[in-house]
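Undergrad: Dropping in start-v5.txt, which is compact mmCIF, C-alpha atoms:
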# COMPACT_ATOMS: atom_id res chain seq x y z
CA MET A 1 -11.53 -18.11 -19.79
CA ARG A 2 -8.92 -16.99 -22.27
CA ILE A 3 -7.68 -13.42 -22.35
CA SER A 4 -8.72 -11.35 -25.35
CA ARG A 5 -7.45 -7.90 -24.34
CA VAL A 6 -5.23 -6.12 -21.79
CA GLU A 7 -5.15 -2.33 -21.58
CA ALA A 8 -3.88 0.33 -19.19
CA ILE A 9 -4.50 4.09 -19.03
CA ALA A 10 -3.07 6.76 -16.77
CA LEU A 11 -5.05 9.05 -14.46
CA ASN A 12 -3.81 12.09 -12.55
CA LEU A 13 -5.20 15.05 -10.64
CA ASP A 14 -3.59 17.89 -8.72
CA LEU A 15 -4.41 18.10 -5.03
CA SER A 16 -5.97 21.21 -3.55
CA ARG A 17 -2.96 21.63 -1.25
CA PRO A 18 0.36 19.88 -0.58
CA PHE A 19 0.73 17.22 2.15
CA SER A 20 4.09 16.95 3.92
CA GLY A 21 5.35 13.67 5.37
CA GLY A 22 8.64 12.78 6.98
CA THR A 23 10.70 12.82 3.78
CA TYR A 24 8.41 14.02 0.99
CA VAL A 25 5.64 16.38 -0.12
CA VAL A 26 2.60 15.06 -2.05
CA LYS A 27 1.06 17.45 -4.57
CA SER A 28 -0.90 15.18 -6.92
CA ARG A 29 -2.72 11.84 -7.07
CA PRO A 30 -1.69 9.71 -10.05
CA THR A 31 -2.86 6.15 -10.62
CA ILE A 32 -3.09 3.54 -13.38
CA LEU A 33 -6.35 1.92 -14.47
CA THR A 34 -5.83 -1.56 -15.92
CA SER A 35 -8.44 -3.79 -17.52
CA VAL A 36 -8.32 -7.43 -18.62
CA THR A 37 -11.06 -8.71 -20.93
CA LEU A 38 -11.87 -12.41 -21.35
CA GLU A 39 -13.28 -14.07 -24.46
CA ASP A 40 -16.63 -14.60 -22.70
CA GLY A 41 -16.96 -10.83 -22.17
CA THR A 42 -15.91 -10.73 -18.51
CA ILE A 43 -13.88 -7.62 -17.73
CA GLY A 44 -11.57 -7.30 -14.75
CA SER A 45 -10.73 -3.68 -14.03
CA ILE A 46 -8.83 -2.07 -11.19
CA TYR A 47 -6.82 1.03 -10.41
CA GLY A 48 -3.72 1.28 -8.27
CA GLY A 49 -0.29 2.78 -7.91
CA ASP A 50 0.86 6.26 -6.95
CA GLU A 51 3.76 6.93 -9.29
CA THR A 52 4.23 10.24 -11.10
CA ASP A 53 7.61 10.33 -12.83
CA THR A 54 7.45 6.93 -14.53
CA GLN A 55 3.69 6.58 -14.94
CA SER A 56 3.81 6.78 -18.73
CA ARG A 57 6.57 4.16 -18.95
CA ILE A 58 4.59 1.76 -16.77
CA VAL A 59 1.51 2.17 -18.99
CA GLU A 60 3.61 1.75 -22.12
CA THR A 61 5.19 -1.43 -20.72
CA ILE A 62 1.78 -2.90 -19.97
CA ASN A 63 0.30 -2.11 -23.38
CA ALA A 64 3.31 -2.73 -25.61
CA VAL A 65 5.21 -5.52 -23.84
CA TYR A 66 3.01 -7.66 -21.61
CA ALA A 67 -0.43 -7.33 -23.22
CA PRO A 68 0.50 -9.07 -26.50
CA LYS A 69 2.05 -11.99 -24.59
CA LEU A 70 -1.07 -12.55 -22.48
CA VAL A 71 -3.72 -12.55 -25.21
CA GLY A 72 -4.99 -16.09 -25.76
CA GLU A 73 -3.76 -17.36 -22.39
CA ASP A 74 -6.05 -19.12 -19.87
CA ILE A 75 -6.55 -16.69 -16.98
CA ARG A 76 -6.86 -19.55 -14.50
CA ASP A 77 -3.14 -20.28 -14.87
CA PHE A 78 -2.13 -17.47 -12.53
CA GLN A 79 1.26 -18.93 -11.58
CA LYS A 80 2.15 -19.49 -15.21
CA LEU A 81 1.04 -16.01 -16.27
CA TRP A 82 2.93 -14.32 -13.46
CA GLN A 83 6.09 -16.22 -14.38
CA LEU A 84 5.56 -15.42 -18.05
CA MET A 85 5.62 -11.72 -17.28
CA SER A 86 8.47 -12.02 -14.80
CA ASP A 87 10.66 -13.96 -17.26
CA THR A 88 10.02 -11.58 -20.16
CA PHE A 89 13.17 -9.65 -21.01
CA VAL A 90 12.56 -5.92 -21.27
CA ASP A 91 15.50 -3.64 -22.05
CA LEU A 92 15.08 -0.53 -19.94
CA GLY A 93 18.78 0.26 -19.87
CA ASN A 94 19.87 -1.89 -16.92
CA ARG A 95 23.66 -2.07 -16.62
CA GLY A 96 24.19 -4.37 -13.65
CA LEU A 97 24.52 -1.47 -11.17
CA HIS A 98 22.40 -2.57 -8.23
CA GLN A 99 20.92 0.66 -6.90
CA LEU A 100 20.68 2.44 -10.26
CA ASP A 101 18.93 -0.54 -11.78
CA MET A 102 16.27 -0.66 -9.06
CA HIS A 103 14.44 2.19 -10.80
CA PRO A 104 13.77 0.44 -14.14
CA ARG A 105 13.04 -2.84 -12.38
CA ALA A 106 10.42 -1.03 -10.30
CA ILE A 107 8.77 0.06 -13.56
CA LEU A 108 8.50 -3.58 -14.63
CA MET A 109 7.17 -4.74 -11.26
CA GLN A 110 4.50 -2.05 -11.20
CA ALA A 111 3.41 -3.07 -14.69
CA ILE A 112 3.22 -6.73 -13.63
CA SER A 113 1.35 -5.71 -10.48
CA ALA A 114 -1.29 -3.76 -12.40
CA ILE A 115 -2.00 -6.64 -14.76
CA ASP A 116 -1.93 -9.29 -12.05
CA ASN A 117 -4.44 -7.38 -9.92
CA ALA A 118 -6.79 -6.84 -12.87
CA MET A 119 -6.57 -10.55 -13.72
CA TRP A 120 -7.59 -11.46 -10.17
CA ASP A 121 -10.61 -9.19 -10.48
CA ALA A 122 -11.50 -10.92 -13.77
CA ARG A 123 -11.12 -14.40 -12.24
CA ALA A 124 -13.35 -13.59 -9.31
CA ARG A 125 -15.93 -11.94 -11.56
CA HIS A 126 -15.97 -14.99 -13.83
CA TYR A 127 -16.65 -17.29 -10.89
CA GLY A 128 -19.20 -14.87 -9.43
CA VAL A 129 -17.50 -14.47 -6.05
CA PRO A 130 -15.78 -11.59 -4.24
CA LEU A 131 -12.00 -11.71 -4.44
CA TRP A 132 -11.47 -12.28 -0.72
CA LYS A 133 -13.61 -15.42 -0.95
CA LEU A 134 -11.59 -16.71 -3.91
CA LEU A 135 -8.42 -16.19 -1.85
CA GLY A 136 -9.86 -18.22 1.04
CA GLY A 137 -11.87 -15.62 3.00
CA VAL A 138 -11.36 -15.31 6.75
CA ARG A 139 -13.67 -12.42 7.79
CA ASP A 140 -16.31 -10.22 6.26
CA ARG A 141 -15.20 -6.96 7.88
CA VAL A 142 -11.77 -5.56 8.71
CA PRO A 143 -10.58 -2.81 11.05
CA VAL A 144 -9.70 0.42 9.29
CA ILE A 145 -7.25 3.20 10.14
CA SER A 146 -6.63 6.53 8.45
CA ILE A 147 -3.32 7.75 7.09
CA GLY A 148 -2.90 11.29 8.35
CA GLY A 149 -0.95 13.42 10.76
CA TYR A 150 0.78 15.30 7.98
CA TYR A 151 2.78 18.31 9.02
CA PRO A 152 0.62 21.46 9.00
CA PRO A 153 1.51 24.66 7.15
CA ASP A 154 3.76 27.14 8.92
CA GLY A 155 1.97 29.06 11.63
CA GLN A 156 -0.23 26.24 12.93
CA ASP A 157 0.82 24.45 16.10
CA PRO A 158 1.70 20.82 15.14
CA SER A 159 0.37 19.32 18.37
CA GLU A 160 -2.93 21.21 18.10
CA ALA A 161 -3.25 20.19 14.46
CA ILE A 162 -2.94 16.46 15.16
CA ALA A 163 -5.33 16.67 18.11
CA GLU A 164 -7.95 18.30 15.89
CA GLU A 165 -7.43 15.69 13.18
CA ILE A 166 -8.07 12.80 15.56
CA ASP A 167 -11.68 13.96 15.95
CA ALA A 168 -12.15 13.92 12.17
CA VAL A 169 -10.62 10.45 11.91
CA ARG A 170 -13.00 9.11 14.53
CA ALA A 171 -15.94 10.80 12.81
CA ALA A 172 -14.97 9.00 9.58
CA GLY A 173 -15.46 5.68 11.39
CA CYS A 174 -11.80 4.74 11.73
CA ILE A 175 -10.36 2.80 14.65
CA GLY A 176 -7.03 4.65 14.56
CA ILE A 177 -4.50 6.74 12.66
CA LYS A 178 -1.11 6.33 11.03
CA MET A 179 0.56 9.68 11.60
CA LYS A 180 3.71 11.13 10.08
CA VAL A 181 6.93 11.60 12.03
CA GLY A 182 10.55 12.11 10.99
CA ARG A 183 10.53 15.67 9.62
CA MET A 184 10.87 17.52 12.93
CA ALA A 185 13.30 16.98 15.80
CA VAL A 186 12.62 13.81 17.78
CA ASP A 187 11.42 15.65 20.87
CA GLN A 188 8.98 17.70 18.78
CA ASP A 189 7.58 14.60 17.10
CA ILE A 190 7.18 12.96 20.50
CA GLU A 191 5.04 15.90 21.59
CA ARG A 192 2.87 15.49 18.49
CA VAL A 193 2.41 11.77 19.21
CA ARG A 194 1.62 12.53 22.85
CA ALA A 195 -1.03 15.01 21.71
CA ALA A 196 -2.52 12.35 19.42
CA ARG A 197 -2.69 9.80 22.22
CA LYS A 198 -4.36 12.30 24.55
CA ALA A 199 -6.92 13.21 21.91
CA GLY A 200 -7.61 9.63 20.85
CA GLY A 201 -7.77 7.99 24.25
CA ASP A 202 -6.44 4.63 25.36
CA ASP A 203 -8.51 2.54 22.92
CA PHE A 204 -7.45 4.50 19.81
CA VAL A 205 -4.99 2.66 17.55
CA LEU A 206 -1.94 4.89 17.14
CA THR A 207 0.78 4.06 14.62
CA VAL A 208 3.61 6.29 13.38
CA ASP A 209 5.40 6.43 10.03
CA ALA A 210 8.83 8.03 9.58
CA ASN A 211 9.04 7.33 5.83
CA GLN A 212 12.69 6.28 6.22
CA GLY A 213 13.50 9.64 7.77
CA TRP A 214 15.80 8.70 10.66
CA LYS A 215 19.28 7.45 11.25
CA LEU A 216 19.53 4.65 13.79
CA GLY A 217 20.32 6.90 16.76
CA ASP A 218 17.28 9.10 16.19
CA ALA A 219 15.02 6.07 15.85
CA ILE A 220 16.33 4.62 19.11
CA ASP A 221 15.83 7.97 20.87
CA PHE A 222 12.26 8.18 19.61
CA CYS A 223 11.42 4.65 20.75
CA ALA A 224 12.97 5.21 24.17
CA ALA A 225 10.99 8.40 24.72
CA ALA A 226 7.75 6.86 23.47
CA GLU A 227 8.11 3.84 25.74
CA LYS A 228 9.00 6.01 28.73
CA LEU A 229 5.82 8.03 28.20
CA ASP A 230 3.81 4.83 27.59
CA LEU A 231 2.29 6.20 24.37
CA GLY A 232 1.02 2.79 23.27
CA ILE A 233 2.32 2.91 19.70
CA ARG A 234 0.97 -0.06 17.73
CA TRP A 235 3.84 0.07 15.24
CA LEU A 236 6.73 2.21 14.05
CA GLU A 237 6.80 2.22 10.25
CA GLU A 238 9.78 2.70 7.93
CA PRO A 239 11.96 4.17 10.69
CA LEU A 240 15.41 4.05 9.05
CA THR A 241 17.05 5.59 6.02
CA TRP A 242 16.73 3.65 2.76
CA HIS A 243 20.27 2.26 2.87
CA ASP A 244 20.01 0.61 6.29
CA GLN A 245 17.07 -1.77 5.90
CA THR A 246 18.42 -5.01 7.40
CA ASP A 247 21.23 -4.66 9.93
CA GLY A 248 19.97 -1.26 11.09
CA LEU A 249 16.46 -2.58 11.60
CA LYS A 250 17.81 -5.55 13.51
CA ARG A 251 19.72 -3.27 15.88
CA LEU A 252 16.65 -1.07 16.36
CA ALA A 253 14.47 -4.09 17.07
CA SER A 254 16.87 -5.11 19.83
CA LYS A 255 16.42 -1.70 21.50
CA THR A 256 12.63 -1.40 21.61
CA ARG A 257 9.41 -3.28 22.28
CA ILE A 258 7.52 -1.21 19.70
CA PRO A 259 6.73 -3.44 16.67
CA ILE A 260 8.66 -2.50 13.53
CA ASN A 261 6.70 -2.26 10.27
CA VAL A 262 8.49 -2.03 6.90
CA GLY A 263 8.20 -3.17 3.30
CA GLN A 264 5.88 -0.75 1.52
CA GLY A 265 8.60 0.10 -0.98
CA GLU A 266 9.83 -3.43 -1.59
CA ILE A 267 9.24 -4.82 -5.06
CA THR A 268 10.06 -8.51 -4.58
CA GLY A 269 9.16 -11.35 -2.26
CA ILE A 270 12.87 -12.11 -1.88
CA ALA A 271 13.49 -8.65 -0.44
CA CYS A 272 10.66 -9.29 2.05
CA ARG A 273 12.28 -12.60 2.96
CA ASP A 274 15.48 -10.73 3.80
CA LEU A 275 13.63 -8.16 5.91
CA MET A 276 12.07 -10.93 7.99
CA SER A 277 15.13 -13.15 8.29
CA LYS A 278 17.78 -10.42 8.71
CA GLY A 279 15.91 -7.36 9.94
CA ASP A 280 13.83 -8.89 12.75
CA VAL A 281 10.77 -6.96 11.58
CA ASN A 282 7.35 -7.62 13.08
CA ILE A 283 5.02 -6.42 10.31
CA LEU A 284 5.24 -6.17 6.52
CA ASN A 285 3.33 -3.27 4.99
CA LEU A 286 3.61 -4.69 1.49
CA ASP A 287 1.82 -3.00 -1.43
CA CYS A 288 0.37 -5.28 -4.12
CA THR A 289 0.44 -2.43 -6.65
CA LEU A 290 4.25 -2.43 -6.39
CA CYS A 291 5.45 -5.91 -5.41
CA GLY A 292 4.01 -8.05 -8.20
CA GLY A 293 0.29 -7.99 -7.52
CA VAL A 294 -2.01 -10.19 -5.50
CA THR A 295 -0.09 -13.30 -6.57
CA GLU A 296 3.21 -12.19 -5.04
CA TRP A 297 1.53 -10.53 -2.02
CA GLN A 298 -0.14 -13.82 -1.14
CA ARG A 299 3.16 -15.68 -1.46
CA VAL A 300 4.79 -13.25 0.95
CA ALA A 301 1.82 -13.47 3.33
CA ALA A 302 2.17 -17.25 3.45
CA MET A 303 5.89 -16.94 4.18
CA ALA A 304 5.29 -14.29 6.84
CA ARG A 305 2.73 -16.40 8.65
CA PHE A 306 5.28 -19.15 9.22
CA MET A 307 7.79 -16.57 10.47
CA ASN A 308 5.36 -15.00 12.98
CA VAL A 309 5.25 -11.73 11.03
CA GLU A 310 1.94 -9.88 10.66
CA MET A 311 0.76 -8.43 7.36
CA ALA A 312 -0.47 -4.95 6.53
CA HIS A 313 -1.03 -3.17 3.23
CA HIS A 314 0.15 0.25 2.14
CA GLU A 315 -2.86 2.36 1.05
CA GLU A 316 -5.02 1.20 -1.93
CA PRO A 317 -8.02 0.02 0.16
CA GLN A 318 -10.02 -0.97 -2.94
CA ILE A 319 -7.89 -4.12 -3.18
CA ALA A 320 -6.19 -4.17 0.23
CA VAL A 321 -9.50 -4.90 1.96
CA HIS A 322 -9.67 -8.25 0.14
CA LEU A 323 -6.13 -9.24 1.10
CA ILE A 324 -6.61 -8.26 4.73
CA ALA A 325 -9.91 -10.17 4.84
CA ALA A 326 -8.33 -13.28 3.33
CA ASN A 327 -5.44 -13.66 5.79
CA PRO A 328 -5.79 -14.40 9.52
CA HIS A 329 -2.51 -12.66 10.41
CA ALA A 330 -3.36 -9.41 8.56
CA LEU A 331 -4.09 -6.19 10.45
CA TYR A 332 -5.76 -2.99 9.22
CA VAL A 333 -6.87 -1.56 5.90
CA GLU A 334 -5.71 2.03 5.37
CA ILE A 335 -7.74 4.93 3.97
CA PHE A 336 -7.36 8.71 3.78
CA ALA A 337 -10.13 10.11 5.96
CA ASN A 338 -9.14 13.56 4.72
CA LYS A 339 -10.72 13.49 1.27
CA ALA A 340 -8.42 16.25 0.04
CA ARG A 341 -5.43 13.89 0.35
CA ASP A 342 -6.82 11.29 -2.07
CA PRO A 343 -9.90 12.53 -3.95
CA LEU A 344 -9.81 9.48 -6.26
CA LEU A 345 -10.48 7.19 -3.31
CA TRP A 346 -13.86 8.87 -2.85
CA GLU A 347 -14.69 9.89 -6.44
CA LEU A 348 -13.59 6.95 -8.59
CA PRO A 349 -15.52 4.04 -6.99
CA SER A 350 -19.28 4.44 -7.32
CA ASN A 351 -19.90 2.08 -4.39
CA PHE A 352 -17.05 2.45 -1.92
CA PRO A 353 -17.29 -0.09 0.97
CA LYS A 354 -19.19 1.05 4.05
CA ILE A 355 -17.14 2.15 7.08
CA SER A 356 -18.58 2.35 10.59
CA ASN A 357 -17.52 1.76 14.18
CA GLY A 358 -13.91 1.20 13.24
CA TYR A 359 -14.53 -1.42 10.54
CA MET A 360 -14.85 -1.59 6.77
CA GLU A 361 -17.34 -4.06 5.34
CA VAL A 362 -15.69 -6.34 2.78
CA PRO A 363 -17.49 -6.16 -0.60
CA THR A 364 -19.77 -9.08 -1.44
CA ALA A 365 -20.15 -8.39 -5.18
CA PRO A 366 -17.99 -10.40 -7.62
CA GLY A 367 -14.36 -9.41 -8.09
CA ILE A 368 -13.13 -6.49 -6.03
CA GLY A 369 -16.76 -5.49 -5.72
CA VAL A 370 -16.17 -1.88 -6.72
CA GLU A 371 -17.59 -0.31 -9.87
CA LEU A 372 -15.62 2.59 -11.31
CA ASN A 373 -17.21 5.89 -12.33
CA GLN A 374 -16.57 6.35 -16.06
CA ASP A 375 -17.11 10.10 -15.89
CA VAL A 376 -14.37 10.42 -13.29
CA ILE A 377 -12.04 8.29 -15.42
CA GLU A 378 -12.52 10.58 -18.41
CA LYS A 379 -12.15 13.67 -16.24
CA TYR A 380 -8.70 12.71 -14.95
CA ARG A 381 -7.41 10.65 -17.87
CA VAL A 382 -3.92 11.73 -18.89
What is this structure when it is put down as structure tokens?

TA:
Amino acid sequence: MRISRVEAIALNLDLSRPFSGGTYVVKSRPTILTSVTLEDGTIGSIYGGDETDTQSRIVETINAVYAPKLVGEDIRDFQKLWQLMSDTFVDLGNRGLHQLDMHPRAILMQAISAIDNAMWDARARHYGVPLWKLLGGVRDRVPVISIGGYYPPDGQDPSEAIAEEIDAVRAAGCIGIKMKVGRMAVDQDIERVRAARKAGGDDFVLTVDANQGWKLGDAIDFCAAAEKLDLGIRWLEEPLTWHDQTDGLKRLASKTRIPINVGQGEITGIACRDLMSKGDVNILNLDCTLCGGVTEWQRVAAMARFMNVEMAHHEEPQIAVHLIAANPHALYVEIFANKARDPLLWELPSNFPKISNGYMEVPTAPGIGVELNQDVIEKYRV
């Protein structure tokens, strides 16, 4: 079970139209495909990540820095291998300036994440079991929601647009939606959420994501209005600006009964510890393509369980479904029901898991249980 090769390549495609969230506009879908080959011929291969500006540096770090260190190592030693990568010194120009140095450190963590995830696929394939089983499987299907509710182009009524989208989300087999807020005035976003609740009905899971778009006062105003209207919001995600992620969240949590969900941009388990212990958050939407891979995600999940914090996963359903299925305190897997938002999700896997009646079936084939279409890889290879 020794590693003979590690390799990463970059993929990217331009979207057919832009998608506007609370604080950003998405115009392309980049990702990184990483493979780990064992001496017995087993190949673990997985894609993940959504980074444009530093994609080439992440790939270079994987191939030039970490790959040579991992060749010859026993893939079963996952704690050792993770620490080996984490302890490797890589000079990306860090100068001891906390916020400025977060950018290069995020490059390293995404590289570690890509390799760690591919190694978990290889381990599970070697043992002939699906990944969620290897992680201690809890359930063979998980509820699924769609990320959506992006702001429509000028000229289309925002409330009508979200109401129409709810029908498409239901038709895709999803149990709910995570819709965008934070770009418009609070009262306008409240009207959009109210339209979504009316269209979805009482049993429809409705979550909202501000993408760190609000100051504390705006977030409090939104929560107060939503509770007054009894909109039944399952969680409020990333409500506050990037620089107020502990004390601000704690103050917001004291003002509302709506569960607070954060963590999709965190790159360490220690940062997640601080969010739980200092921010009074209810849910961690951690992303294993950013935070250090399956190994670190599972560590955080174990910590969260003992702190009565639920787990979610930001996008990347091809691997998120296994993590959600392997943890009893995990919630929903997220997809893009609108295929124009993430064409790779629907084109790259040749056997994407079945979705029906609000649930995604967890793959039963070895590894992540998804085979990747080689023609699509070549089509979008950078």

Undergrad: Return the single residue from A:Ile145, A:Ala118, A:Val65, A:Ile177 that is closest to Leu92 (chain A), with distances computed using only C-alpha atoms.

TA: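 Answer, going by the shortest atom-to-atom distance: A:Val65.
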
Undergrad: When you count only C-alpha atoms, which of these residues is closest to Asn327 (chain A): A:Gly358, A:Gly200, A:Gly136, A:Pro68?

TA: A:Gly136

Undergrad: Within 10 Å of region 246-257 of chain A, counting all atoms listed in the file, which residues show up once you throw out same-chain ones fewer than 6 positions away? Write them as a list in words, please.

TA: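 Listed by chain and then number, they are Lys215, Leu216, Gly217, Ala219, Ile220, Asp221, Phe222, Cys223, Ala224, Ala226, Glu227, Ile233, Trp235, Glu238, Pro239, Leu240, Ala271, Asp274, Leu275, Met276, Ser277, Lys278, Gly279, Asp280, Val281 and Asn282 of chain A.
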
Undergrad: State, in Å with one decimal place, the distance from CA of Gln264 (chain A) to CA of Thr88 (chain A).

TA: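 Going from CA of Gln264 (chain A) over to CA of Thr88 (chain A) covers 24.6 Å.
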
Undergrad: Taking all atoms listed in the file into account, which of A:Glu296, A:Asp167, A:Glu371, A:Glu315 comes nearest Ser113 (chain A)?

TA: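 Going through A:Glu296, A:Asp167, A:Glu371, A:Glu315 one by one, the smallest distance to Ser113 (chain A) is for A:Glu296.
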
Undergrad: Closest to Gly182 (chain A) among A:Asp116, A:Glu310, A:Asn373, A:Tyr24, using all atoms listed in the file?

TA: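 Distance minimum relative to Gly182 (chain A) lands on A:Tyr24.
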
Undergrad: Considering all atoms listed in the file, state which residue in the set A:Gly21, A:Gly176, A:Gly265, A:Gly48 is at the smallest distance from Ile319 (chain A).

TA: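 Once distances to Ile319 (chain A) are computed over all atoms listed in the file, the minimum belongs to A:Gly48.
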
Undergrad: Would you mind listing what lies within 8 Å of region 29-44 of chain A as a PyMOL selection string, with all atoms listed in the file counted and same-chain residues fewer than 5 positions away left out?

TA: chain A and resi 1-15+49-52+55+59+114-115+118-123+125-126+342-344+367

Undergrad: Applying 7 Å and all atoms listed in the file, which residues near Ile112 (chain A) remain after dropping the ones on its own chain fewer than 4 positions away? List them as a PyMOL selection string.

TA: chain A and resi 85+108+116+292-293

Undergrad: For the residues in the current selection, export C-alpha atoms as a PDB file, keeping the file's coordinate frame.

TA:
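Heads up, here's the output in part22.pdb:
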ATOM      1  CA  MET A  85       5.620 -11.720 -17.280  1.00  0.00           C
ATOM      2  CA  LEU A 108       8.500  -3.580 -14.630  1.00  0.00           C
ATOM      3  CA  ASP A 116      -1.930  -9.290 -12.050  1.00  0.00           C
ATOM      4  CA  GLY A 292       4.010  -8.050  -8.200  1.00  0.00           C
ATOM      5  CA  GLY A 293       0.290  -7.990  -7.520  1.00  0.00           C
TER       6      GLY A 293
END

Undergrad: Could you work out how far CA of Arg192 (chain A) lies from CA of Ala163 (chain A), giving the answer in Å with one decimal?

TA: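 These two atoms are separated by 8.3 Å.
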
Undergrad: Around region 142-149 of chain A, fit a box with edges along x, y and z, padding it by 5 Å on each side, then list its centre and edge lengths in Å to one decimal as AutoDock Vina command-line options.

TA:
--center_x -6.4 --center_y 3.9 --center_z 9.1 --size_x 20.8 --size_y 29.0 --size_z 14.0

Undergrad: Mind checking which residues fall within 12 Å of Gly93 (chain A), counting all atoms listed in the file, ignoring those fewer than 4 positions away in the same chain, and posting them as a ChimeraX atom specification?

TA: /A:89,97,100-105,107

Undergrad: Report the distance between CA of Ile190 (chain A) and CA of Asp218 (chain A) in Å, rounded to one decimal place.

TA: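 The value is 11.6 Å.
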
Undergrad: Kindly indicate which residue among A:Val186, A:Val294, A:Leu331, A:Ala225 lies nearest to Phe78 (chain A), using all atoms listed in the file for the distances.

TA: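 Closest candidate: A:Val294.
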